[in-house]
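Visitor: Data file start05.tsv (TSV, C-alpha atoms) is appended below.
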```tsv
chain	number	residue	atom	x	y	z
P	1	MET	CA	-4.69	-12.93	16.89
P	2	GLU	CA	-7.27	-11.46	14.55
P	3	ARG	CA	-9.71	-11.06	17.39
P	4	THR	CA	-7.09	-9.17	19.42
P	5	LEU	CA	-6.47	-6.77	16.58
P	6	ARG	CA	-10.17	-6.02	16.39
P	7	LEU	CA	-10.33	-4.71	19.98
P	8	LYS	CA	-11.50	-1.13	20.11
P	9	THR	CA	-9.09	1.66	20.92
P	10	PRO	CA	-9.72	3.15	24.41
P	11	ASN	CA	-11.95	6.20	24.15
P	12	ARG	CA	-13.53	8.77	26.46
P	13	ARG	CA	-15.99	6.31	27.98
P	14	THR	CA	-13.10	4.02	28.92
P	15	PHE	CA	-11.77	6.53	31.48
P	16	MET	CA	-15.06	7.75	32.92
P	17	PRO	CA	-15.83	4.75	35.21
P	18	TRP	CA	-12.59	5.39	37.11
P	19	LEU	CA	-14.30	8.37	38.72
P	20	PHE	CA	-16.08	5.90	40.99
P	21	ILE	CA	-12.84	5.88	43.00
P	22	LEU	CA	-14.16	9.10	44.55
P	23	THR	CA	-17.32	7.39	45.81
P	24	GLY	CA	-16.00	7.20	49.39
P	25	ASP	CA	-15.21	10.92	49.42
P	26	VAL	CA	-18.64	11.81	48.08
P	27	VAL	CA	-20.36	9.58	50.65
P	28	ASP	CA	-18.37	11.20	53.49
P	29	LEU	CA	-19.32	14.57	52.06
P	30	PHE	CA	-23.04	13.82	52.20
P	31	ARG	CA	-22.74	12.35	55.68
P	32	GLY	CA	-21.16	15.53	56.94
P	33	LYS	CA	-17.88	13.88	57.90
P	34	VAL	CA	-15.85	16.46	55.97
P	35	ALA	CA	-14.95	19.92	57.23
P	36	LEU	CA	-16.26	22.78	55.12
P	37	PRO	CA	-18.49	20.53	53.04
P	38	TRP	CA	-19.34	23.30	50.58
P	39	LEU	CA	-15.65	23.76	49.81
P	40	ALA	CA	-15.06	20.01	49.50
P	41	GLY	CA	-18.13	19.63	47.28
P	42	THR	CA	-16.93	22.41	45.00
P	43	GLY	CA	-13.48	20.83	44.92
P	44	VAL	CA	-14.91	17.42	43.90
P	45	ALA	CA	-17.05	18.97	41.14
P	46	VAL	CA	-14.15	21.00	39.75
P	47	PHE	CA	-11.86	17.96	40.03
P	48	ILE	CA	-14.27	15.84	37.94
P	49	ALA	CA	-14.61	18.61	35.36
P	50	LEU	CA	-10.85	19.05	35.04
P	51	TYR	CA	-10.28	15.29	34.89
P	52	LEU	CA	-12.78	14.95	32.03
P	53	ALA	CA	-11.34	18.00	30.27
P	54	THR	CA	-7.82	16.55	30.45
P	55	VAL	CA	-8.90	13.13	29.19
P	56	PHE	CA	-11.19	14.44	26.45
P	57	THR	CA	-8.67	16.91	25.03
P	58	GLY	CA	-5.89	14.33	25.33
P	59	LEU	CA	-7.89	11.83	23.29
P	60	ASP	CA	-8.98	14.37	20.68
P	61	GLU	CA	-6.77	13.94	17.60
P	62	HIS	CA	-7.13	17.62	16.72
P	63	ARG	CA	-6.35	18.98	20.20
P	64	ARG	CA	-3.90	16.48	21.72
P	65	LYS	CA	-0.91	18.29	20.19
P	66	THR	CA	-2.06	21.69	21.50
P	67	THR	CA	-1.58	23.17	24.96
P	68	ALA	CA	-5.19	22.48	25.99
P	69	PRO	CA	-4.48	19.05	27.61
P	70	LEU	CA	-1.42	20.45	29.39
P	71	ILE	CA	-3.34	23.42	30.81
P	72	ALA	CA	-6.15	21.16	32.03
P	73	LEU	CA	-3.61	18.74	33.52
P	74	GLY	CA	-1.79	21.56	35.29
P	75	ALA	CA	-5.02	22.81	36.88
P	76	LEU	CA	-5.98	19.24	37.82
P	77	THR	CA	-2.58	18.70	39.44
P	78	ALA	CA	-2.88	21.86	41.56
P	79	LEU	CA	-6.39	20.93	42.71
P	80	THR	CA	-5.33	17.35	43.51
P	81	TYR	CA	-2.53	18.58	45.75
P	82	ALA	CA	-4.87	21.04	47.47
P	83	LEU	CA	-7.58	18.45	48.21
P	84	SER	CA	-5.14	15.74	49.26
P	85	ILE	CA	-3.08	17.95	51.55
P	86	GLY	CA	-6.14	19.70	52.95
P	87	TYR	CA	-8.28	16.63	53.65
P	88	GLY	CA	-5.95	13.60	53.50
P	89	GLY	CA	-7.46	10.13	54.01
P	90	ASP	CA	-9.50	8.83	51.08
P	91	TRP	CA	-8.94	12.10	49.25
P	92	MET	CA	-5.49	10.80	48.42
P	93	LEU	CA	-7.26	8.59	45.86
P	94	CYS	CA	-7.41	11.68	43.68
P	95	PHE	CA	-3.79	10.95	42.80
P	96	PRO	CA	-4.46	7.70	40.86
P	97	LEU	CA	-7.03	9.62	38.80
P	98	LEU	CA	-4.50	12.41	38.26
P	99	SER	CA	-2.00	9.78	37.15
P	100	LEU	CA	-4.48	8.34	34.61
P	101	ALA	CA	-5.16	11.79	33.20
P	102	ALA	CA	-1.42	12.48	32.99
P	103	GLY	CA	-0.93	9.21	31.12
P	104	VAL	CA	-3.47	10.36	28.53
P	105	ALA	CA	-2.13	13.91	28.20
P	106	LEU	CA	1.59	13.08	28.31
P	107	ARG	CA	1.70	9.78	26.41
P	108	ASP	CA	3.58	11.43	23.54
P	109	ARG	CA	6.08	12.98	25.97
P	110	GLY	CA	7.73	9.96	27.50
P	111	ARG	CA	10.34	11.81	29.56
P	112	TRP	CA	7.83	14.20	31.15
P	113	LEU	CA	5.42	11.36	31.81
P	114	SER	CA	8.08	9.40	33.71
P	115	ILE	CA	9.01	12.46	35.78
P	116	ALA	CA	5.34	13.19	36.58
P	117	MET	CA	4.68	9.60	37.65
P	118	GLY	CA	7.71	9.60	39.92
P	119	VAL	CA	6.74	12.92	41.53
P	120	PHE	CA	3.13	11.83	42.05
P	121	GLY	CA	4.16	8.52	43.61
P	122	VAL	CA	6.64	10.15	46.03
P	123	THR	CA	4.09	12.83	46.92
P	124	VAL	CA	1.43	10.26	47.78
P	125	GLY	CA	3.87	8.32	49.95
P	126	VAL	CA	5.08	11.40	51.82
P	127	VAL	CA	1.63	12.94	52.41
P	128	LEU	CA	0.09	9.66	53.56
P	129	SER	CA	2.98	8.94	55.91
P	130	VAL	CA	2.88	12.41	57.45
P	131	ARG	CA	-0.88	12.84	57.78
P	132	SER	CA	-2.23	9.42	58.59
P	133	GLY	CA	0.56	6.83	58.69
P	134	ALA	CA	-1.66	4.58	56.61
P	135	GLU	CA	-0.63	0.97	56.16
P	136	ASN	CA	-1.34	0.97	52.45
P	137	VAL	CA	1.06	3.83	51.65
P	138	LEU	CA	3.21	1.77	49.28
P	139	ALA	CA	0.19	0.28	47.49
P	140	ILE	CA	-1.37	3.70	46.80
P	141	ALA	CA	1.98	5.23	45.84
P	142	TRP	CA	2.79	2.34	43.52
P	143	GLY	CA	-0.70	2.37	42.00
P	144	THR	CA	-0.40	6.10	41.40
P	145	SER	CA	2.91	5.76	39.56
P	146	LEU	CA	1.85	2.71	37.61
P	147	SER	CA	-1.63	3.78	36.49
P	148	GLY	CA	-0.41	6.62	34.30
P	149	LEU	CA	2.32	4.53	32.70
P	150	VAL	CA	-0.13	1.71	31.98
P	151	ALA	CA	-2.70	4.11	30.51
P	152	ALA	CA	-0.08	5.66	28.23
P	153	ALA	CA	1.24	2.24	27.16
P	154	ILE	CA	-2.26	0.92	26.34
P	155	LEU	CA	-3.16	4.03	24.35
P	156	ASN	CA	0.09	3.99	22.39
P	157	LEU	CA	-0.26	0.27	21.70
P	158	SER	CA	-3.88	0.64	20.60
P	159	GLU	CA	-2.98	3.49	18.27
P	160	ALA	CA	-0.08	1.49	16.84
P	161	VAL	CA	-2.39	-1.48	16.20
P	162	ALA	CA	-4.92	0.83	14.53
P	163	GLN	CA	-2.20	2.27	12.29
P	164	LEU	CA	-0.95	-1.21	11.42
P	165	ARG	CA	-4.49	-2.30	10.58
P	166	ALA	CA	-4.95	0.75	8.35
P	167	THR	CA	-1.60	0.07	6.68
P	168	ARG	CA	-2.54	-3.55	6.11
P	169	GLU	CA	-5.80	-2.50	4.46
P	170	GLN	CA	-3.93	-0.03	2.25
P	171	LEU	CA	-1.48	-2.75	1.23
P	172	ALA	CA	-4.38	-5.08	0.46
P	173	HIS	CA	-6.00	-2.42	-1.72
P	174	ALA	CA	-2.68	-1.76	-3.44
P	175	ALA	CA	-2.25	-5.49	-4.13
P	176	VAL	CA	-5.73	-5.63	-5.64
P	177	GLU	CA	-4.95	-2.62	-7.82
P	178	ARG	CA	-1.67	-4.16	-8.98
P	179	GLU	CA	-3.41	-7.42	-9.86
P	180	ARG	CA	-6.17	-5.54	-11.68
P	181	LEU	CA	-3.55	-3.60	-13.64
P	182	ARG	CA	-1.68	-6.80	-14.49
P	183	PHE	CA	-4.86	-8.46	-15.69
P	184	SER	CA	-5.92	-5.46	-17.79
P	185	ARG	CA	-2.48	-5.26	-19.40
P	186	ASP	CA	-2.40	-8.97	-20.17
P	187	LEU	CA	-5.87	-8.85	-21.63
P	188	HIS	CA	-5.01	-5.82	-23.75
P	189	ASP	CA	-1.87	-7.46	-25.10
P	190	LEU	CA	-3.48	-10.86	-25.62
P	191	LEU	CA	-6.73	-9.77	-27.23
P	192	GLY	CA	-5.21	-6.93	-29.25
P	193	HIS	CA	-2.68	-9.23	-30.85
P	194	THR	CA	-5.04	-12.18	-31.29
P	195	MET	CA	-7.83	-10.15	-32.87
P	196	SER	CA	-5.32	-8.53	-35.23
P	197	VAL	CA	-4.06	-11.96	-36.32
P	198	ILE	CA	-7.60	-13.26	-36.84
P	199	VAL	CA	-8.61	-10.20	-38.86
P	200	VAL	CA	-5.51	-10.37	-41.05
P	201	LYS	CA	-5.87	-14.07	-41.71
P	202	ALA	CA	-9.62	-13.73	-42.34
P	203	GLU	CA	-8.81	-11.11	-44.98
P	204	ALA	CA	-6.25	-13.51	-46.45
P	205	VAL	CA	-8.92	-16.24	-46.63
P	206	ARG	CA	-11.25	-13.86	-48.46
P	207	ARG	CA	-8.54	-12.91	-50.95
P	208	LEU	CA	-7.27	-16.44	-51.56
P	209	ALA	CA	-10.56	-18.36	-51.64
P	210	PRO	CA	-11.53	-17.49	-55.28
P	211	ARG	CA	-8.15	-18.51	-56.78
P	212	ASN	CA	-6.34	-20.80	-54.30
P	213	LEU	CA	-8.64	-22.85	-52.11
P	214	ASP	CA	-5.84	-24.87	-50.48
P	215	ALA	CA	-4.03	-21.70	-49.35
P	216	ALA	CA	-7.31	-20.26	-48.06
P	217	LEU	CA	-7.96	-23.43	-46.08
P	218	GLY	CA	-4.48	-23.17	-44.63
P	219	GLN	CA	-5.20	-19.63	-43.44
P	220	ALA	CA	-8.54	-20.80	-41.99
P	221	ALA	CA	-6.71	-23.54	-40.08
P	222	ASP	CA	-4.37	-20.87	-38.74
P	223	ILE	CA	-7.37	-18.88	-37.51
P	224	GLU	CA	-8.62	-21.95	-35.65
P	225	ALA	CA	-5.18	-22.54	-34.11
P	226	VAL	CA	-4.84	-18.89	-33.09
P	227	GLY	CA	-8.27	-18.96	-31.49
P	228	ARG	CA	-7.48	-22.08	-29.50
P	229	GLN	CA	-4.14	-20.67	-28.41
P	230	ALA	CA	-5.83	-17.42	-27.38
P	231	LEU	CA	-8.24	-19.33	-25.15
P	232	THR	CA	-5.31	-21.07	-23.46
P	233	GLU	CA	-3.42	-17.80	-22.96
P	234	ILE	CA	-6.46	-16.03	-21.53
P	235	ARG	CA	-6.94	-18.83	-19.01
P	236	GLU	CA	-3.26	-18.56	-18.04
P	237	ALA	CA	-3.54	-14.78	-17.75
P	238	VAL	CA	-6.56	-15.10	-15.46
P	239	THR	CA	-4.70	-17.46	-13.15
P	240	GLY	CA	-1.57	-15.29	-13.28
P	241	TYR	CA	0.74	-18.00	-14.58
P	242	ARG	CA	1.25	-16.87	-18.17
P	243	GLU	CA	4.79	-16.16	-19.29
P	244	GLY	CA	5.59	-15.24	-22.86
P	245	SER	CA	8.27	-16.89	-24.96
P	246	LEU	CA	10.47	-14.75	-27.18
P	247	ALA	CA	11.07	-17.53	-29.70
P	248	THR	CA	7.34	-18.23	-29.96
P	249	GLU	CA	6.50	-14.55	-30.36
P	250	LEU	CA	9.13	-14.15	-33.09
P	251	ASP	CA	7.62	-17.06	-35.01
P	252	ARG	CA	4.14	-15.58	-34.60
P	253	ALA	CA	5.40	-12.18	-35.69
P	254	ARG	CA	6.81	-13.69	-38.91
P	255	SER	CA	3.52	-15.47	-39.59
P	256	LEU	CA	1.44	-12.36	-38.90
P	257	LEU	CA	3.63	-10.11	-41.08
P	258	ASP	CA	3.61	-12.63	-43.93
P	259	ALA	CA	-0.17	-12.95	-43.78
P	260	SER	CA	-0.44	-9.16	-43.84
P	261	GLY	CA	1.70	-8.85	-46.95
P	262	ILE	CA	4.53	-7.19	-45.02
P	263	ALA	CA	8.05	-8.40	-45.74
P	264	ALA	CA	9.54	-9.69	-42.49
P	265	ASP	CA	13.21	-9.51	-41.54
P	266	ILE	CA	13.64	-11.19	-38.14
P	267	ARG	CA	17.07	-11.75	-36.64
P	268	GLN	CA	18.28	-12.92	-33.24
P	269	SER	CA	21.85	-13.11	-32.01
P	270	GLY	CA	23.71	-13.45	-28.75
P	271	PRO	CA	23.67	-15.91	-25.86
P	272	PRO	CA	20.46	-17.55	-24.60
P	273	LEU	CA	18.33	-15.24	-22.46
P	274	PRO	CA	16.96	-15.90	-18.96
P	275	PRO	CA	13.24	-16.80	-18.97
P	276	GLN	CA	12.11	-13.56	-17.30
P	277	THR	CA	14.01	-11.38	-19.78
P	278	ALA	CA	12.77	-13.42	-22.74
P	279	ALA	CA	9.21	-13.19	-21.48
P	280	LEU	CA	9.34	-9.39	-21.28
P	281	LEU	CA	10.85	-9.11	-24.76
P	282	GLY	CA	8.19	-11.48	-26.04
P	283	TRP	CA	5.53	-9.01	-24.90
P	284	VAL	CA	7.38	-6.20	-26.68
P	285	VAL	CA	7.56	-8.18	-29.94
P	286	ARG	CA	3.87	-9.04	-29.71
P	287	GLU	CA	2.77	-5.44	-29.09
P	288	GLY	CA	5.22	-3.86	-31.55
P	289	VAL	CA	4.42	-6.16	-34.48
P	290	THR	CA	0.69	-5.96	-33.82
P	291	ASN	CA	0.90	-2.18	-34.01
P	292	VAL	CA	2.90	-2.36	-37.25
P	293	VAL	CA	0.18	-4.49	-38.84
P	294	ARG	CA	-2.72	-2.42	-37.53
P	295	HIS	CA	-1.46	1.14	-37.86
P	296	SER	CA	1.71	1.58	-39.93
P	297	GLY	CA	0.71	0.73	-43.50
P	298	ALA	CA	4.26	-0.56	-43.93
P	299	GLN	CA	5.67	-2.75	-46.71
P	300	ARG	CA	8.59	-4.01	-44.66
P	301	CYS	CA	9.27	-4.68	-40.98
P	302	ALA	CA	12.53	-5.63	-39.31
P	303	VAL	CA	12.82	-7.21	-35.85
P	304	GLU	CA	16.30	-7.56	-34.40
P	305	VAL	CA	17.22	-9.07	-31.03
P	306	ARG	CA	20.87	-8.51	-30.11
P	307	GLY	CA	22.04	-10.09	-26.90
P	308	GLU	CA	25.15	-9.17	-24.93
P	309	PRO	CA	26.56	-10.73	-21.74
P	310	ASP	CA	24.92	-8.17	-19.46
P	311	ARG	CA	22.27	-6.53	-21.65
P	312	VAL	CA	19.88	-7.31	-24.49
P	313	HIS	CA	18.71	-4.92	-27.21
P	314	LEU	CA	15.46	-5.32	-29.19
P	315	GLU	CA	14.62	-3.09	-32.12
P	316	ILE	CA	11.51	-3.10	-34.34
P	317	THR	CA	11.47	-0.81	-37.37
P	318	ASP	CA	9.13	-0.41	-40.34
P	319	ASP	CA	8.90	1.75	-43.44
P	320	GLY	CA	5.32	2.86	-42.86
P	321	ARG	CA	3.83	6.24	-42.25
P	322	GLY	CA	5.47	6.79	-38.87
P	323	VAL	CA	2.64	5.56	-36.64
P	324	GLY	CA	3.65	2.73	-34.38
P	325	SER	CA	0.91	2.55	-31.76
P	326	GLU	CA	-2.77	3.06	-31.26
P	327	PRO	CA	-3.87	6.69	-30.88
P	328	ALA	CA	-2.83	7.94	-27.46
P	329	ALA	CA	-5.35	9.01	-24.86
P	330	VAL	CA	-3.05	11.91	-24.00
P	331	PRO	CA	-0.95	13.43	-26.78
P	332	GLY	CA	2.70	12.43	-26.56
P	333	THR	CA	2.24	9.57	-24.11
P	334	GLY	CA	1.96	6.63	-26.53
P	335	GLY	CA	-0.82	4.09	-26.64
P	336	ASN	CA	-2.05	2.03	-23.71
P	337	GLY	CA	-0.07	-1.04	-24.81
P	338	LEU	CA	3.25	0.77	-25.12
P	339	LYS	CA	2.62	2.65	-21.90
P	340	GLY	CA	2.07	-0.61	-20.03
P	341	LEU	CA	5.18	-2.15	-21.60
P	342	THR	CA	7.23	0.90	-20.66
P	343	GLU	CA	6.17	0.46	-17.02
P	344	ARG	CA	6.95	-3.26	-17.09
P	345	LEU	CA	10.42	-2.77	-18.52
P	346	ALA	CA	11.16	0.11	-16.15
P	347	ALA	CA	10.26	-2.13	-13.21
P	348	ALA	CA	12.83	-4.65	-14.49
P	349	GLY	CA	15.53	-1.99	-14.85
P	350	GLY	CA	15.09	-1.60	-18.61
P	351	SER	CA	13.69	1.01	-20.96
P	352	LEU	CA	11.36	1.32	-23.93
P	353	THR	CA	11.50	4.16	-26.44
P	354	SER	CA	9.52	4.70	-29.61
P	355	GLY	CA	8.95	7.30	-32.28
P	356	PRO	CA	9.17	8.13	-35.97
P	357	ASP	CA	12.31	6.80	-37.66
P	358	GLY	CA	13.63	9.63	-39.81
P	359	ARG	CA	11.46	10.78	-42.69
P	360	ARG	CA	9.47	7.58	-42.95
P	361	GLY	CA	8.68	4.66	-40.70
P	362	PHE	CA	8.55	3.96	-36.99
P	363	ARG	CA	11.15	2.66	-34.56
P	364	LEU	CA	10.61	0.81	-31.28
P	365	VAL	CA	13.64	0.07	-29.07
P	366	ALA	CA	13.67	-1.98	-25.87
P	367	GLU	CA	16.66	-2.60	-23.65
P	368	LEU	CA	16.85	-4.89	-20.65
P	369	PRO	CA	19.62	-5.93	-18.27
P	370	VAL	CA	20.35	-9.65	-18.17
P	371	ASP	CA	19.81	-11.13	-14.72
P	372	GLU	CA	22.95	-13.20	-14.19
P	373	ASN	CA	21.52	-14.95	-11.12
P	374	ASP	CA	18.47	-16.01	-13.11
P	375	GLU	CA	20.69	-17.31	-15.90
P	376	GLU	CA	22.87	-19.29	-13.52
P	377	GLU	CA	19.84	-20.87	-11.84
P	378	ARG	CA	18.43	-21.82	-15.25
P	379	ALA	CA	21.74	-23.37	-16.31
P	380	ALA	CA	21.95	-25.32	-13.05
```
Could you render the structure as structure tokens?

Guide:
Amino acid sequence: MERTLRLKTPNRRTFMPWLFILTGDVVDLFRGKVALPWLAGTGVAVFIALYLATVFTGLDEHRRKTTAPLIALGALTALTYALSIGYGGDWMLCFPLLSLAAGVALRDRGRWLSIAMGVFGVTVGVVLSVRSGAENVLAIAWGTSLSGLVAAAILNLSEAVAQLRATREQLAHAAVERERLRFSRDLHDLLGHTMSVIVVKAEAVRRLAPRNLDAALGQAADIEAVGRQALTEIREAVTGYREGSLATELDRARSLLDASGIAADIRQSGPPLPPQTAALLGWVVREGVTNVVRHSGAQRCAVEVRGEPDRVHLEITDDGRGVGSEPAAVPGTGGNGLKGLTERLAAAGGSLTSGPDGRRGFRLVAELPVDENDEEERAA
């Protein structure tokens, strides 16, 4: 199948060898078996030129939609009738070539192509029967009608295959870009949060070590655990199998806020959430709390998850200086982490809004619909 798709689309050179059909006429011309050889020779030369002009303009992507192929085809048709009626015999083989050229020029005009093929086939049959009574009348007439239809079908099929191949490559590139974006987002969320936790706990170790060694050792053990967990999560992100847990992220948020000296108020209510919804909210909690610790300068942070039968609401507020994300690359767009989360939630039918909360503090609100089918499958 793959090898078939790699076949080249018919081009100009594909239709040039068919001119050898006129070999018998040219030989008769040189042998002097044709009346008015100078006229016949001129007719053959002009016929070849018009045939090539019709095919070349019909295959040219920039000229195939213009009138150039139609004008060349019209002139070729008139000359074919003149040579065939005037000389008969093997000169009737000009009609299969005319049919090929018509298939190239009229392949986008199916109705006119069918009419042309029918007229050419009937003409060949009538002229041959009247002039020579040849035995192969039906064969030549059928070949004339069929050659143009086959040429048009092959060209259209080849172009369709080429378009499908181009579309497949575009889809492959788009898939790569989506995977690259997923990986970059996961890495940003994972490393940003993890490094913030490590820095905060390292500062806690430094503060506690002179006066409370046991507490400092506890914070150091937390750093080791966070580092090990980060390695596991990075491996899962690389393989594309990582899914966050809202409960886990809420516990980590409490630990991170406590270690940072920020009073934590974390509440969750409502029915259990489907895994996909919980995973998305887990990312929001991770990013939102990390930004509170890194940028807000807050003394207090509240995280509330309020679930309803068909929708879940997550709100993170602090009493800091009204900065809830890393400095934005473009003013007014939010940081990279919040921008990525906004896109993720929008893709799931939800929303994410953020901004200063009144005179002081910052507010981050996420809303997601609850996938009832997902919940039913999980319950089953």

Visitor: When you draw a straight line from atom CA of Met117 of chain P to atom CA of Ala153 of chain P, how long is it in Å?

Guide: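 Those two atoms sit 13.3 Å apart.
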
Visitor: Sort by chain and increasing residue number a table of all residues of segment 339-361 of chain P within 9 Å of segment 284-299 of chain P, each with its closest pair of atoms and their distance in Å to one decimal, counting all atoms listed in the file, and write it as JSON lines.

Guide:
```
{"residue": "P:Leu341", "atom": "CA", "partner": "P:Val284", "partner_atom": "CA", "distance": 6.9}
{"residue": "P:Leu352", "atom": "CA", "partner": "P:Val284", "partner_atom": "CA", "distance": 8.9}
{"residue": "P:Gly361", "atom": "CA", "partner": "P:Ala298", "partner_atom": "CA", "distance": 7.6}
```

Visitor: Check the smallest atom-to-atom distance from each of P:Ala152, P:Ala40, P:Ile316, P:Val55 to Ala82 of chain P using only C-alpha atoms, then report the winner.

Guide: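 That would be P:Ala40, the residue with the smallest distance to Ala82 of chain P.
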
Visitor: For Val34 of chain P, which residue among P:Ala141, P:Ala366, P:Ala302, P:Leu83 is the nearest when counting all atoms listed in the file?

Guide: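 Residue with the minimum atom-to-atom distance to Val34 of chain P: P:Leu83.
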
Visitor: Restricting the calculation to only C-alpha atoms: of P:Glu367, P:Leu257, P:Ala347, P:Arg211, which residue gets closest to Arg306 of chain P?

Guide: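 Nearest to Arg306 of chain P: P:Glu367.
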
Visitor: So how far away is atom CA of Pro69 of chain P from atom CA of Thr54 of chain P, in Å?

Guide: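 Value for the atom CA of Thr54 of chain P-atom CA of Pro69 of chain P distance: 5.0 Å.
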